>>> print(open('coords-v5.json').read())   # JSON, C-alpha atoms
[["chain", "number", "residue", "atom", "x", "y", "z"],
["A", 25, "MET", "CA", -88.16, 35.32, -108.82],
["A", 26, "LYS", "CA", -88.15, 35.49, -105.05],
["A", 27, "PRO", "CA", -85.30, 33.82, -103.14],
["A", 28, "ILE", "CA", -85.29, 31.40, -100.23],
["A", 29, "GLY", "CA", -84.16, 33.01, -96.98],
["A", 30, "VAL", "CA", -81.92, 31.16, -94.52],
["A", 31, "PHE", "CA", -80.59, 32.34, -91.17],
["A", 32, "ASP", "CA", -78.26, 30.86, -88.59],
["A", 33, "SER", "CA", -76.36, 32.11, -85.56],
["A", 34, "GLY", "CA", -73.11, 31.85, -87.53],
["A", 35, "VAL", "CA", -71.59, 29.58, -90.17],
["A", 36, "GLY", "CA", -73.14, 26.17, -89.38],
["A", 37, "GLY", "CA", -76.22, 26.89, -91.48],
["A", 38, "LEU", "CA", -74.04, 26.73, -94.57],
["A", 39, "THR", "CA", -74.44, 22.92, -94.43],
["A", 40, "VAL", "CA", -78.14, 23.61, -95.05],
["A", 41, "ILE", "CA", -77.26, 25.96, -97.91],
["A", 42, "ARG", "CA", -75.12, 23.23, -99.44],
["A", 43, "GLU", "CA", -78.05, 20.80, -99.42],
["A", 44, "LEU", "CA", -80.46, 23.43, -100.78],
["A", 45, "ILE", "CA", -78.09, 24.15, -103.68],
["A", 46, "HIS", "CA", -77.78, 20.41, -104.34],
["A", 47, "GLN", "CA", -81.51, 19.68, -104.28],
["A", 48, "LEU", "CA", -82.83, 23.02, -105.59],
["A", 49, "PRO", "CA", -80.21, 24.24, -108.09],
["A", 50, "CYS", "CA", -82.63, 26.70, -109.71],
["A", 51, "GLU", "CA", -83.39, 28.61, -106.50],
["A", 52, "ASP", "CA", -81.82, 31.90, -105.43],
["A", 53, "ILE", "CA", -80.84, 31.94, -101.74],
["A", 54, "VAL", "CA", -80.19, 34.75, -99.26],
["A", 55, "TYR", "CA", -78.22, 33.70, -96.17],
["A", 56, "PHE", "CA", -77.85, 35.68, -92.96],
["A", 57, "GLY", "CA", -75.32, 34.62, -90.35],
["A", 58, "ASP", "CA", -75.66, 36.42, -87.01],
["A", 59, "THR", "CA", -71.92, 36.32, -86.37],
["A", 60, "ALA", "CA", -72.00, 39.33, -84.01],
["A", 61, "ARG", "CA", -74.16, 37.41, -81.51],
["A", 62, "VAL", "CA", -72.99, 33.82, -81.94],
["A", 63, "PRO", "CA", -73.35, 31.43, -80.12],
["A", 64, "TYR", "CA", -77.11, 31.15, -79.53],
["A", 65, "GLY", "CA", -76.72, 27.92, -77.53],
["A", 66, "ILE", "CA", -75.91, 29.74, -74.28],
["A", 67, "LYS", "CA", -78.55, 32.50, -74.62],
["A", 68, "SER", "CA", -81.92, 32.62, -72.84],
["A", 69, "LYS", "CA", -85.10, 31.60, -74.67],
["A", 70, "GLU", "CA", -86.34, 35.20, -74.71],
["A", 71, "THR", "CA", -83.10, 36.41, -76.27],
["A", 72, "VAL", "CA", -83.08, 33.68, -78.94],
["A", 73, "ILE", "CA", -86.67, 34.55, -79.88],
["A", 74, "ARG", "CA", -85.79, 38.25, -80.15],
["A", 75, "PHE", "CA", -82.71, 37.55, -82.28],
["A", 76, "SER", "CA", -84.74, 35.23, -84.52],
["A", 77, "MET", "CA", -87.43, 37.89, -85.03],
["A", 78, "GLU", "CA", -84.81, 40.44, -86.03],
["A", 79, "ASN", "CA", -83.16, 37.98, -88.44],
["A", 80, "ILE", "CA", -86.50, 37.21, -90.09],
["A", 81, "LEU", "CA", -87.34, 40.90, -90.48],
["A", 82, "PHE", "CA", -84.01, 41.38, -92.28],
["A", 83, "LEU", "CA", -84.73, 38.47, -94.63],
["A", 84, "LEU", "CA", -88.25, 39.73, -95.33],
["A", 85, "LYS", "CA", -86.68, 42.97, -96.57],
["A", 86, "GLN", "CA", -84.95, 40.78, -99.18],
["A", 87, "GLU", "CA", -88.44, 39.67, -100.32],
["A", 88, "VAL", "CA", -87.91, 35.98, -99.58],
["A", 89, "LYS", "CA", -90.69, 33.46, -100.30],
["A", 90, "LEU", "CA", -89.78, 31.01, -97.52],
["A", 91, "ILE", "CA", -87.53, 31.16, -94.47],
["A", 92, "CYS", "CA", -85.40, 28.31, -93.22],
["A", 93, "VAL", "CA", -84.24, 28.53, -89.61],
["A", 94, "ALA", "CA", -80.91, 26.72, -89.99],
["A", 95, "CYS", "CA", -80.02, 27.03, -86.31],
["A", 96, "ASN", "CA", -80.99, 24.15, -84.01],
["A", 97, "THR", "CA", -81.14, 26.39, -80.94],
["A", 98, "ALA", "CA", -83.44, 28.88, -82.67],
["A", 99, "SER", "CA", -85.53, 26.03, -84.08],
["A", 100, "SER", "CA", -85.95, 24.46, -80.64],
["A", 101, "LEU", "CA", -86.70, 27.68, -78.75],
["A", 102, "ALA", "CA", -88.21, 30.17, -81.19],
["A", 103, "ILE", "CA", -90.18, 28.37, -83.93],
["A", 104, "PRO", "CA", -93.62, 28.43, -82.22],
["A", 105, "ALA", "CA", -93.31, 32.14, -81.42],
["A", 106, "ILE", "CA", -92.06, 33.24, -84.85],
["A", 107, "LYS", "CA", -94.61, 31.14, -86.76],
["A", 108, "ASN", "CA", -97.35, 33.07, -84.95],
["A", 109, "HIS", "CA", -95.87, 36.40, -86.05],
["A", 110, "PHE", "CA", -95.18, 35.86, -89.76],
["A", 111, "LYS", "CA", -97.22, 34.63, -92.72],
["A", 112, "VAL", "CA", -94.25, 33.47, -94.79],
["A", 113, "PRO", "CA", -93.64, 29.67, -94.64],
["A", 114, "ILE", "CA", -91.01, 28.91, -91.97],
["A", 115, "VAL", "CA", -89.07, 25.64, -91.82],
["A", 116, "GLY", "CA", -86.95, 24.67, -88.82],
["A", 117, "VAL", "CA", -84.28, 21.98, -88.66],
["A", 118, "ILE", "CA", -85.89, 19.85, -85.94],
["A", 119, "SER", "CA", -89.16, 18.44, -87.32],
["A", 120, "PRO", "CA", -87.73, 17.15, -90.64],
["A", 121, "GLY", "CA", -84.91, 15.32, -88.84],
["A", 122, "VAL", "CA", -87.27, 13.88, -86.22],
["A", 123, "ARG", "CA", -89.64, 12.45, -88.85],
["A", 124, "GLU", "CA", -86.78, 10.78, -90.69],
["A", 125, "ALA", "CA", -85.32, 9.35, -87.46],
["A", 126, "VAL", "CA", -88.66, 7.90, -86.32],
["A", 127, "TYR", "CA", -89.05, 6.31, -89.75],
["A", 128, "ALA", "CA", -85.47, 4.94, -89.74],
["A", 129, "THR", "CA", -85.23, 3.36, -86.27],
["A", 130, "GLN", "CA", -85.72, -0.40, -86.07],
["A", 131, "ASN", "CA", -85.24, -0.95, -82.32],
["A", 132, "LYS", "CA", -87.07, 2.23, -81.23],
["A", 133, "ARG", "CA", -83.95, 3.70, -79.63],
["A", 134, "ILE", "CA", -82.88, 7.09, -80.97],
["A", 135, "GLY", "CA", -79.91, 9.20, -79.92],
["A", 136, "VAL", "CA", -79.77, 12.98, -80.25],
["A", 137, "ILE", "CA", -76.59, 15.06, -80.05],
["A", 138, "GLY", "CA", -76.59, 18.86, -80.00],
["A", 139, "THR", "CA", -75.54, 22.01, -78.18],
["A", 140, "LYS", "CA", -76.36, 22.46, -74.49],
["A", 141, "GLY", "CA", -79.22, 24.80, -75.42],
["A", 142, "THR", "CA", -80.78, 22.38, -77.87],
["A", 143, "ILE", "CA", -80.48, 19.38, -75.55],
["A", 144, "LYS", "CA", -81.77, 21.34, -72.54],
["A", 145, "SER", "CA", -84.85, 22.43, -74.51],
["A", 146, "ARG", "CA", -85.82, 18.74, -75.03],
["A", 147, "ALA", "CA", -87.28, 19.83, -78.38],
["A", 148, "TYR", "CA", -86.10, 16.73, -80.25],
["A", 149, "GLU", "CA", -87.13, 14.40, -77.44],
["A", 150, "LEU", "CA", -90.64, 15.87, -77.20],
["A", 151, "GLU", "CA", -91.24, 15.74, -80.97],
["A", 152, "ILE", "CA", -90.03, 12.14, -81.18],
["A", 153, "LYS", "CA", -92.31, 11.11, -78.30],
["A", 154, "GLN", "CA", -95.21, 12.91, -79.99],
["A", 155, "LEU", "CA", -94.77, 10.78, -83.11],
["A", 156, "ASP", "CA", -94.08, 7.53, -81.26],
["A", 157, "PRO", "CA", -94.34, 7.41, -77.43],
["A", 158, "LYS", "CA", -92.70, 3.97, -77.37],
["A", 159, "ILE", "CA", -89.36, 5.26, -78.63],
["A", 160, "LYS", "CA", -86.60, 5.60, -76.04],
["A", 161, "VAL", "CA", -84.56, 8.77, -76.57],
["A", 162, "THR", "CA", -81.00, 9.24, -75.31],
["A", 163, "THR", "CA", -79.53, 12.73, -75.59],
["A", 164, "ALA", "CA", -76.00, 14.09, -75.24],
["A", 165, "ALA", "CA", -74.76, 17.68, -75.29],
["A", 166, "CYS", "CA", -71.50, 18.00, -77.24],
["A", 167, "PRO", "CA", -70.27, 21.55, -76.52],
["A", 168, "LEU", "CA", -66.75, 21.01, -77.89],
["A", 169, "PHE", "CA", -67.89, 19.89, -81.34],
["A", 170, "VAL", "CA", -68.62, 23.41, -82.62],
["A", 171, "PRO", "CA", -65.23, 24.96, -81.70],
["A", 172, "LEU", "CA", -63.41, 21.87, -83.00],
["A", 173, "VAL", "CA", -65.16, 22.16, -86.37],
["A", 174, "GLU", "CA", -64.58, 25.91, -86.59],
["A", 175, "GLU", "CA", -60.88, 25.40, -85.83],
["A", 176, "GLY", "CA", -60.69, 22.78, -88.57],
["A", 177, "TRP", "CA", -60.03, 19.91, -86.15],
["A", 178, "LEU", "CA", -61.95, 17.22, -88.02],
["A", 179, "SER", "CA", -59.67, 14.24, -87.34],
["A", 180, "GLY", "CA", -56.88, 13.00, -85.08],
["A", 181, "ASP", "CA", -56.55, 11.35, -81.68],
["A", 182, "VAL", "CA", -57.69, 14.37, -79.65],
["A", 183, "VAL", "CA", -60.90, 14.82, -81.64],
["A", 184, "MET", "CA", -61.59, 11.09, -81.63],
["A", 185, "ALA", "CA", -61.22, 11.02, -77.83],
["A", 186, "VAL", "CA", -63.79, 13.84, -77.52],
["A", 187, "VAL", "CA", -66.21, 12.09, -79.89],
["A", 188, "LYS", "CA", -65.91, 8.79, -77.99],
["A", 189, "THR", "CA", -66.54, 10.52, -74.66],
["A", 190, "TYR", "CA", -69.64, 12.36, -75.86],
["A", 191, "LEU", "CA", -71.14, 9.37, -77.68],
["A", 192, "LYS", "CA", -70.65, 6.85, -74.87],
["A", 193, "PRO", "CA", -74.18, 7.31, -73.43],
["A", 194, "LEU", "CA", -75.66, 6.67, -76.89],
["A", 195, "LYS", "CA", -73.57, 3.54, -77.39],
["A", 196, "ASP", "CA", -74.44, 2.30, -73.90],
["A", 197, "ALA", "CA", -78.15, 2.83, -74.67],
["A", 198, "GLY", "CA", -77.89, 0.74, -77.85],
["A", 199, "VAL", "CA", -79.39, 3.36, -80.18],
["A", 200, "ASP", "CA", -79.66, 2.40, -83.84],
["A", 201, "THR", "CA", -80.34, 5.95, -85.09],
["A", 202, "VAL", "CA", -78.58, 9.22, -84.22],
["A", 203, "ILE", "CA", -79.81, 12.71, -85.09],
["A", 204, "LEU", "CA", -76.98, 15.17, -85.74],
["A", 205, "GLY", "CA", -78.74, 18.00, -83.92],
["A", 206, "CYS", "CA", -76.40, 20.81, -84.92],
["A", 207, "THR", "CA", -75.50, 22.05, -88.39],
["A", 208, "HIS", "CA", -71.78, 21.83, -87.56],
["A", 209, "TYR", "CA", -71.90, 18.11, -86.82],
["A", 210, "PRO", "CA", -72.06, 16.72, -90.39],
["A", 211, "LEU", "CA", -68.41, 17.79, -90.73],
["A", 212, "LEU", "CA", -67.56, 15.24, -88.01],
["A", 213, "ARG", "CA", -69.72, 12.56, -89.62],
["A", 214, "SER", "CA", -66.86, 10.17, -90.47],
["A", 215, "LEU", "CA", -65.60, 10.11, -86.86],
["A", 216, "ILE", "CA", -69.12, 9.71, -85.49],
["A", 217, "GLU", "CA", -69.68, 6.81, -87.88],
["A", 218, "GLN", "CA", -66.45, 5.15, -86.71],
["A", 219, "VAL", "CA", -67.47, 5.42, -83.07],
["A", 220, "MET", "CA", -71.11, 4.39, -83.49],
["A", 221, "CYS", "CA", -70.36, 1.62, -86.06],
["A", 222, "LYS", "CA", -71.87, 1.16, -89.52],
["A", 223, "ASP", "CA", -75.17, -0.35, -88.35],
["A", 224, "VAL", "CA", -76.24, 2.96, -86.80],
["A", 225, "THR", "CA", -78.12, 5.37, -89.07],
["A", 226, "LEU", "CA", -77.03, 9.02, -88.86],
["A", 227, "ILE", "CA", -79.72, 11.59, -89.61],
["A", 228, "ASP", "CA", -78.37, 14.81, -91.14],
["A", 229, "SER", "CA", -81.03, 17.46, -90.50],
["A", 230, "ALA", "CA", -79.67, 19.65, -93.31],
["A", 231, "LYS", "CA", -80.58, 17.04, -95.91],
["A", 232, "GLN", "CA", -84.07, 16.58, -94.49],
["A", 233, "VAL", "CA", -84.63, 20.34, -94.34],
["A", 234, "ALA", "CA", -83.84, 20.71, -98.05],
["A", 235, "ILE", "CA", -86.33, 17.93, -98.86],
["A", 236, "GLU", "CA", -88.98, 19.71, -96.73],
["A", 237, "VAL", "CA", -88.33, 23.08, -98.41],
["A", 238, "LYS", "CA", -88.62, 21.51, -101.85],
["A", 239, "LYS", "CA", -91.92, 19.88, -100.90],
["A", 240, "ILE", "CA", -93.41, 23.14, -99.58],
["A", 241, "LEU", "CA", -92.35, 25.18, -102.61],
["A", 242, "ALA", "CA", -93.73, 22.54, -104.97],
["A", 243, "ASN", "CA", -97.08, 22.46, -103.14],
["A", 244, "GLU", "CA", -97.30, 26.27, -103.21],
["A", 245, "GLY", "CA", -96.31, 26.44, -106.89],
["A", 246, "LEU", "CA", -93.24, 28.50, -105.99],
["A", 247, "LEU", "CA", -90.43, 26.38, -107.47],
["A", 248, "ASN", "CA", -88.07, 28.11, -109.89],
["A", 249, "LYS", "CA", -87.27, 26.37, -113.17],
["A", 250, "GLY", "CA", -84.73, 26.88, -115.93],
["A", 251, "HIS", "CA", -82.63, 29.28, -113.88],
["A", 252, "LYS", "CA", -79.23, 28.81, -112.32],
["A", 253, "GLY", "CA", -79.63, 29.79, -108.68],
["A", 254, "LYS", "CA", -77.44, 32.46, -107.09],
["A", 255, "GLN", "CA", -76.54, 32.96, -103.44],
["A", 256, "LYS", "CA", -76.08, 36.14, -101.41],
["A", 257, "PHE", "CA", -74.38, 36.06, -98.02],
["A", 258, "TYR", "CA", -74.84, 38.59, -95.23],
["A", 259, "VAL", "CA", -73.39, 38.60, -91.71],
["A", 260, "SER", "CA", -73.79, 40.86, -88.69],
["A", 261, "ASP", "CA", -70.03, 40.98, -88.04],
["A", 262, "ASN", "CA", -66.62, 39.88, -89.29],
["A", 263, "PRO", "CA", -67.25, 38.85, -92.92],
["A", 264, "GLU", "CA", -63.58, 37.88, -93.29],
["A", 265, "TRP", "CA", -63.87, 35.24, -90.52],
["A", 266, "PHE", "CA", -67.13, 33.99, -92.04],
["A", 267, "SER", "CA", -65.67, 33.76, -95.53],
["A", 268, "GLY", "CA", -62.64, 31.90, -94.24],
["A", 269, "LEU", "CA", -64.79, 29.21, -92.65],
["A", 270, "ALA", "CA", -67.34, 29.08, -95.46],
["A", 271, "ALA", "CA", -65.25, 26.88, -97.73],
["A", 272, "ARG", "CA", -65.17, 24.17, -95.05],
["A", 273, "PHE", "CA", -68.97, 24.11, -94.75],
["A", 274, "LEU", "CA", -70.00, 24.94, -98.30],
["A", 275, "GLY", "CA", -67.30, 23.12, -100.21],
["A", 276, "ARG", "CA", -66.23, 26.30, -102.00],
["A", 277, "PRO", "CA", -64.96, 29.73, -100.93],
["A", 278, "ILE", "CA", -67.09, 32.85, -100.49],
["A", 279, "LYS", "CA", -65.64, 36.22, -101.45],
["A", 280, "ASP", "CA", -68.59, 38.60, -101.29],
["A", 281, "ALA", "CA", -70.10, 38.21, -97.80],
["A", 282, "LYS", "CA", -71.46, 41.60, -96.71],
["A", 283, "LYS", "CA", -71.71, 43.01, -93.22],
["A", 284, "MET", "CA", -75.19, 44.24, -92.33],
["A", 285, "SER", "CA", -76.36, 45.85, -89.11],
["A", 286, "LEU", "CA", -79.76, 44.77, -87.78],
["A", 287, "VAL", "CA", -80.12, 47.80, -85.51]]
>>> encode(input="coords-v5.json", output="structure tokens")
Amino acid sequence: MKPIGVFDSGVGGLTVIRELIHQLPCEDIVYFGDTARVPYGIKSKETVIRFSMENILFLLKQEVKLICVACNTASSLAIPAIKNHFKVPIVGVISPGVREAVYATQNKRIGVIGTKGTIKSRAYELEIKQLDPKIKVTTAACPLFVPLVEEGWLSGDVVMAVVKTYLKPLKDAGVDTVILGCTHYPLLRSLIEQVMCKDVTLIDSAKQVAIEVKKILANEGLLNKGHKGKQKFYVSDNPEWFSGLAARFLGRPIKDAKKMSLV
């Protein structure tokens, strides 16, 4: 039984793993976190494409049947290039979230929050406009969200002040739907909900990605059945740091993350 392959620039993609385990409990999963080269959000497009290619080649050595690009920056900058190079099905985190957001919005005003790299790429904005040109998109880069999450700062006055500052343009624009355009952001969901108010729909890309993966595997006749799925975790550096953060993202600790060199 071939596993699903997932890669991310670091630990954020574990929110995708959590959803895959929830929705596809019979599937084996191989995760690669490129912790030696994180963050991707400040890298050039050419560099992100090269890193993504190398990550995929590693996962293909694990004989995966599908690859999920769990990094928003890689999804926004590298997906077209890598889909042209590999035959294996590749799922990014942008398209599934965009489709759900376009379906969910009532007033045709969607907000997108993400890293500087993701927002600068305009990937979400362009895909939304492709599906519905009438939708008004308001974007906001939230560079402090990732370090706050990785430091475990998920509540308190300081974090709330940061969240309010970043989300002000979205509130001012009157959006009724917000895409959490980074896999770290679901951990700040409760604060984002408080700031945006309950009438605003939050789109968690991780959840939509898992739904998309399930659909593809079912259509290809590749779903596993009657088997309790197992997960393997690989990183390019510092497995102790990765394992320490994993419990926060995955909901349980990881003890056997292995360091692997891509060179």
>>> residues_around(input="coords-v5.json", residues="range 168-174 of chain A", least_positions_apart="3", cutoff="8 Å", atoms="only C-alpha atoms", output="ChimeraX atom specification")
/A:177-178,183,186,208-209,211-212,269
>>> write_last_selection(input="coords-v5.json", atoms="C-alpha atoms", output="short mmCIF file (atom, residue, chain, number, x, y, z; two decimals), in the frame of the given file")
data_model
loop_
_atom_site.label_atom_id
_atom_site.label_comp_id
_atom_site.auth_asym_id
_atom_site.auth_seq_id
_atom_site.Cartn_x
_atom_site.Cartn_y
_atom_site.Cartn_z
CA TRP A 177 -60.03 19.91 -86.15
CA LEU A 178 -61.95 17.22 -88.02
CA VAL A 183 -60.90 14.82 -81.64
CA VAL A 186 -63.79 13.84 -77.52
CA HIS A 208 -71.78 21.83 -87.56
CA TYR A 209 -71.90 18.11 -86.82
CA LEU A 211 -68.41 17.79 -90.73
CA LEU A 212 -67.56 15.24 -88.01
CA LEU A 269 -64.79 29.21 -92.65
#
>>> atom_distance(input="coords-v5.json", atom1="CA of Lys188 in chain A", atom2="CA of Phe273 in chain A")
22.9 Å
>>> closest_residue(input="coords-v5.json", among="A:Thr39, A:Thr97, A:Asn131, A:Ser260", to="Val199 in chain A", atoms="all atoms listed in the file")
A:Asn131
>>> closest_residue(input="coords-v5.json", among="A:Leu286, A:Leu241, A:Val72, A:Ala164", to="Lys26 in chain A", atoms="only C-alpha atoms")
A:Leu241
>>> atom_distance(input="coords-v5.json", atom1="CA of Ile106 in chain A", atom2="CA of Lys144 in chain A")
20.0 Å
>>> closest_residue(input="coords-v5.json", among="A:Lys67, A:Lys231, A:His46, A:Arg123", to="Thr142 in chain A", atoms="only C-alpha atoms")
A:Lys67
>>> atom_distance(input="coords-v5.json", atom1="CA of Ala94 in chain A", atom2="CA of Asp280 in chain A")
20.5 Å
>>> closest_residue(input="coords-v5.json", among="A:Ala60, A:Val126, A:Ile45, A:Val30", to="Leu81 in chain A", atoms="only C-alpha atoms")
A:Val30
>>> closest_residue(input="coords-v5.json", among="A:Ala98, A:Ala185, A:Val259, A:Ala281", to="Gly34 in chain A", atoms="only C-alpha atoms")
A:Val259
>>> residues_near_point(input="coords-v5.json", point="(-87.4, 15.8, -82.8)", cutoff="12 Å", atoms="all atoms listed in the file", output="JSON list (two decimals) with C-alpha atoms, in the frame of the given file")
[["chain", "number", "residue", "atom", "x", "y", "z"],
["A", 96, "ASN", "CA", -80.99, 24.15, -84.01],
["A", 99, "SER", "CA", -85.53, 26.03, -84.08],
["A", 100, "SER", "CA", -85.95, 24.46, -80.64],
["A", 116, "GLY", "CA", -86.95, 24.67, -88.82],
["A", 117, "VAL", "CA", -84.28, 21.98, -88.66],
["A", 118, "ILE", "CA", -85.89, 19.85, -85.94],
["A", 119, "SER", "CA", -89.16, 18.44, -87.32],
["A", 120, "PRO", "CA", -87.73, 17.15, -90.64],
["A", 121, "GLY", "CA", -84.91, 15.32, -88.84],
["A", 122, "VAL", "CA", -87.27, 13.88, -86.22],
["A", 123, "ARG", "CA", -89.64, 12.45, -88.85],
["A", 124, "GLU", "CA", -86.78, 10.78, -90.69],
["A", 125, "ALA", "CA", -85.32, 9.35, -87.46],
["A", 126, "VAL", "CA", -88.66, 7.90, -86.32],
["A", 127, "TYR", "CA", -89.05, 6.31, -89.75],
["A", 134, "ILE", "CA", -82.88, 7.09, -80.97],
["A", 135, "GLY", "CA", -79.91, 9.20, -79.92],
["A", 136, "VAL", "CA", -79.77, 12.98, -80.25],
["A", 137, "ILE", "CA", -76.59, 15.06, -80.05],
["A", 138, "GLY", "CA", -76.59, 18.86, -80.00],
["A", 142, "THR", "CA", -80.78, 22.38, -77.87],
["A", 143, "ILE", "CA", -80.48, 19.38, -75.55],
["A", 145, "SER", "CA", -84.85, 22.43, -74.51],
["A", 146, "ARG", "CA", -85.82, 18.74, -75.03],
["A", 147, "ALA", "CA", -87.28, 19.83, -78.38],
["A", 148, "TYR", "CA", -86.10, 16.73, -80.25],
["A", 149, "GLU", "CA", -87.13, 14.40, -77.44],
["A", 150, "LEU", "CA", -90.64, 15.87, -77.20],
["A", 151, "GLU", "CA", -91.24, 15.74, -80.97],
["A", 152, "ILE", "CA", -90.03, 12.14, -81.18],
["A", 153, "LYS", "CA", -92.31, 11.11, -78.30],
["A", 154, "GLN", "CA", -95.21, 12.91, -79.99],
["A", 155, "LEU", "CA", -94.77, 10.78, -83.11],
["A", 156, "ASP", "CA", -94.08, 7.53, -81.26],
["A", 159, "ILE", "CA", -89.36, 5.26, -78.63],
["A", 161, "VAL", "CA", -84.56, 8.77, -76.57],
["A", 162, "THR", "CA", -81.00, 9.24, -75.31],
["A", 163, "THR", "CA", -79.53, 12.73, -75.59],
["A", 202, "VAL", "CA", -78.58, 9.22, -84.22],
["A", 203, "ILE", "CA", -79.81, 12.71, -85.09],
["A", 204, "LEU", "CA", -76.98, 15.17, -85.74],
["A", 205, "GLY", "CA", -78.74, 18.00, -83.92],
["A", 227, "ILE", "CA", -79.72, 11.59, -89.61],
["A", 229, "SER", "CA", -81.03, 17.46, -90.50]]
>>> closest_residue(input="coords-v5.json", among="A:Lys195, A:Asn248, A:Leu215, A:Phe75", to="Cys50 in chain A", atoms="all atoms listed in the file")
A:Asn248
